[in-house]
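Okay, so here's the structure we're looking at.
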Amino acid sequence: MIGCPGSICKYFIYYVIVYLLSCFKLIRKSRTAIAGQLIKQIWSHSCYLSKNKGSCLKRPNDLVTSKKLLFMVSKSIQEALNKQVQMEAESSQAYLAMASWAEIQPGLEGVTNFFYQQSDEERVHMLKLLRFINERGGFGMVPALAQPIVTFKSIKNVFEEFLKHELKVSDSINELVHLSLSEKDYATHNFLQWYVNEQMEEERVARTLNDKLEMVGDDKGGLYLFDRDIMNYRGADGKK
Ligand code: OFO
């Protein structure tokens with residue numbers, strides 16, 4: 001047996017023991033971490049598969065390693081975007097009610113089609129928001145909706161409500177843009193630019209149509225022409 005001077009031998013044995021102990025500690029630590037991660041993953045999946053998705057509103061971004069969740073919207077942005085989802089859905093309902101009212105009035109086919117298409121368009125705006133929220137690691141919630149105004153005093157009254165509603169939506173979009181800037185959420189800010197442009201266009205159309213109705217007054221011939229021409233305010237594909 002090779003001899004080993006007393007002090008060197010002692011140190012050697014000491015280092016071997018320390019080394020073995022730290023290896024053992026490390027193994028235990030990583031096993032615990034892996035198990036913890038697994039439990040968290042299972043929790044988050046079962047939460048999303050459960051019926052009560054509301055309880056999953058707070059996505060456990062610190063727990064889930066999916067790449068998609070690395071850039072999450074903040075809680076306040078998510079809430080504001082979900083409010084806007086509700087507003088777009090309510091817009092769709094409001095214009096659907098206008099279309100239905102116009103449809104049972106004599107001779108308003110143009111106005112009827114205009115509002116049916118407007119209603120469809122608002123639904124698309126809602127979907128766009130909903131999917132953006134999900135894409136950004138949030139949870140787009142489908143909202144409960146209040147019943148819109150369903151009867152109107154006159155065709156003029158319908159278009160006044162149309163403009164009023166669009167102005168309210170524009171205010172809401174502006175608030176959202178402001179919030180995204182104050183939170184330095186430039187992705188949401190960029191996304192919202194589409195809505196800013198859309199609102200400018202919708203306000204323009206609503207104002208023009210109100211002005212035209214003001215000009216027409218009680219003239220039946222004028223109303224006939226208004227109804228015939230209203231679809232010119234939309235492109236061939238039904239978009240404005
Ligand atoms: Fe959604 O575009 Fe106006 O309201």
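Each chain of the structure tokens is named A, B, ... in the order shown, its residues numbered from 1; ligands are numbered from 1 in display order.
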Contacts with ligand 1 at most 8 Å, only C-alpha atoms and all ligand atoms counted, listed as a ChimeraX atom specification: /A:87-88,91,121-123,125-126,165-166,169-170,195,198-199,202-203
Which residues, written as an mmCIF file with C-alpha atoms, in the first residue's frame, have at least one atom at most 12 Å from Leu213 (chain A), with only C-alpha atoms counted and residues fewer than 3 positions away on the same chain left out?
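Result written to selection15.cif:
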```cif
data_model
loop_
_atom_site.group_PDB
_atom_site.id
_atom_site.type_symbol
_atom_site.label_atom_id
_atom_site.label_comp_id
_atom_site.auth_asym_id
_atom_site.auth_seq_id
_atom_site.Cartn_x
_atom_site.Cartn_y
_atom_site.Cartn_z
ATOM 1 C CA SER A 154 -87.228 58.205 -35.998
ATOM 2 C CA ILE A 155 -84.476 57.389 -38.454
ATOM 3 C CA LYS A 156 -82.768 60.623 -37.366
ATOM 4 C CA ASN A 157 -82.823 59.391 -33.780
ATOM 5 C CA VAL A 158 -81.100 56.143 -34.888
ATOM 6 C CA PHE A 159 -78.211 58.038 -36.438
ATOM 7 C CA GLU A 160 -77.888 60.378 -33.467
ATOM 8 C CA ALA A 206 -71.498 58.855 -38.466
ATOM 9 C CA ARG A 207 -71.096 62.656 -38.641
ATOM 10 C CA THR A 208 -71.565 62.742 -42.419
ATOM 11 C CA LEU A 209 -74.718 60.656 -42.241
ATOM 12 C CA ASN A 210 -76.122 62.861 -39.473
ATOM 13 C CA VAL A 216 -83.088 65.950 -45.738
ATOM 14 C CA GLY A 217 -85.353 67.018 -42.871
ATOM 15 C CA ASP A 218 -88.898 65.735 -43.426
ATOM 16 C CA ASP A 219 -88.544 65.373 -47.166
ATOM 17 C CA LYS A 220 -89.622 61.842 -48.170
ATOM 18 C CA GLY A 221 -87.825 62.004 -51.526
ATOM 19 C CA GLY A 222 -84.646 62.986 -49.726
ATOM 20 C CA LEU A 223 -85.015 60.083 -47.305
ATOM 21 C CA TYR A 224 -85.503 57.726 -50.246
ATOM 22 C CA LEU A 225 -82.214 58.914 -51.754
ATOM 23 C CA PHE A 226 -80.462 58.719 -48.388
ATOM 24 C CA ASP A 227 -81.518 55.099 -47.993
ATOM 25 C CA ILE A 230 -76.089 54.856 -47.679
#
```
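Of the residues under consideration (A:Val205, A:Met141, A:Val196, A:Val111), A:Met141 shows the shortest atom-to-atom contact distance to Ala80 (chain A) when counting only C-alpha atoms.
In this model, the gap between CA of Ser182 (chain A) and CA of Val124 (chain A) comes to 27.2 Å.
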Minimum-distance residue to Leu145 (chain A), chosen among A:Asn113, A:Gln93, A:Gln193, A:Ser180 (using only C-alpha atoms):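 Smallest distance to Leu145 (chain A) is found for A:Gln93.
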Interatomic distance, CA of Leu179 (chain A) to CA of Lys164 (chain A) (Å, one decimal):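 According to the coordinates, CA of Leu179 (chain A) and CA of Lys164 (chain A) are separated by 23.1 Å.
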Exercise: Leu192 (chain A) partners within 10 Å, only C-alpha atoms, chain neighbours under 5 positions left out, as a VMD selection string: chain A and resid 81 129 173 to 174 176 to 177 180 186 to 187 197 to 198
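Nearest residue to Met98 (chain A) among A:Lys128, A:Lys212, A:Arg204, A:Lys153 is A:Lys153, counting only C-alpha atoms.
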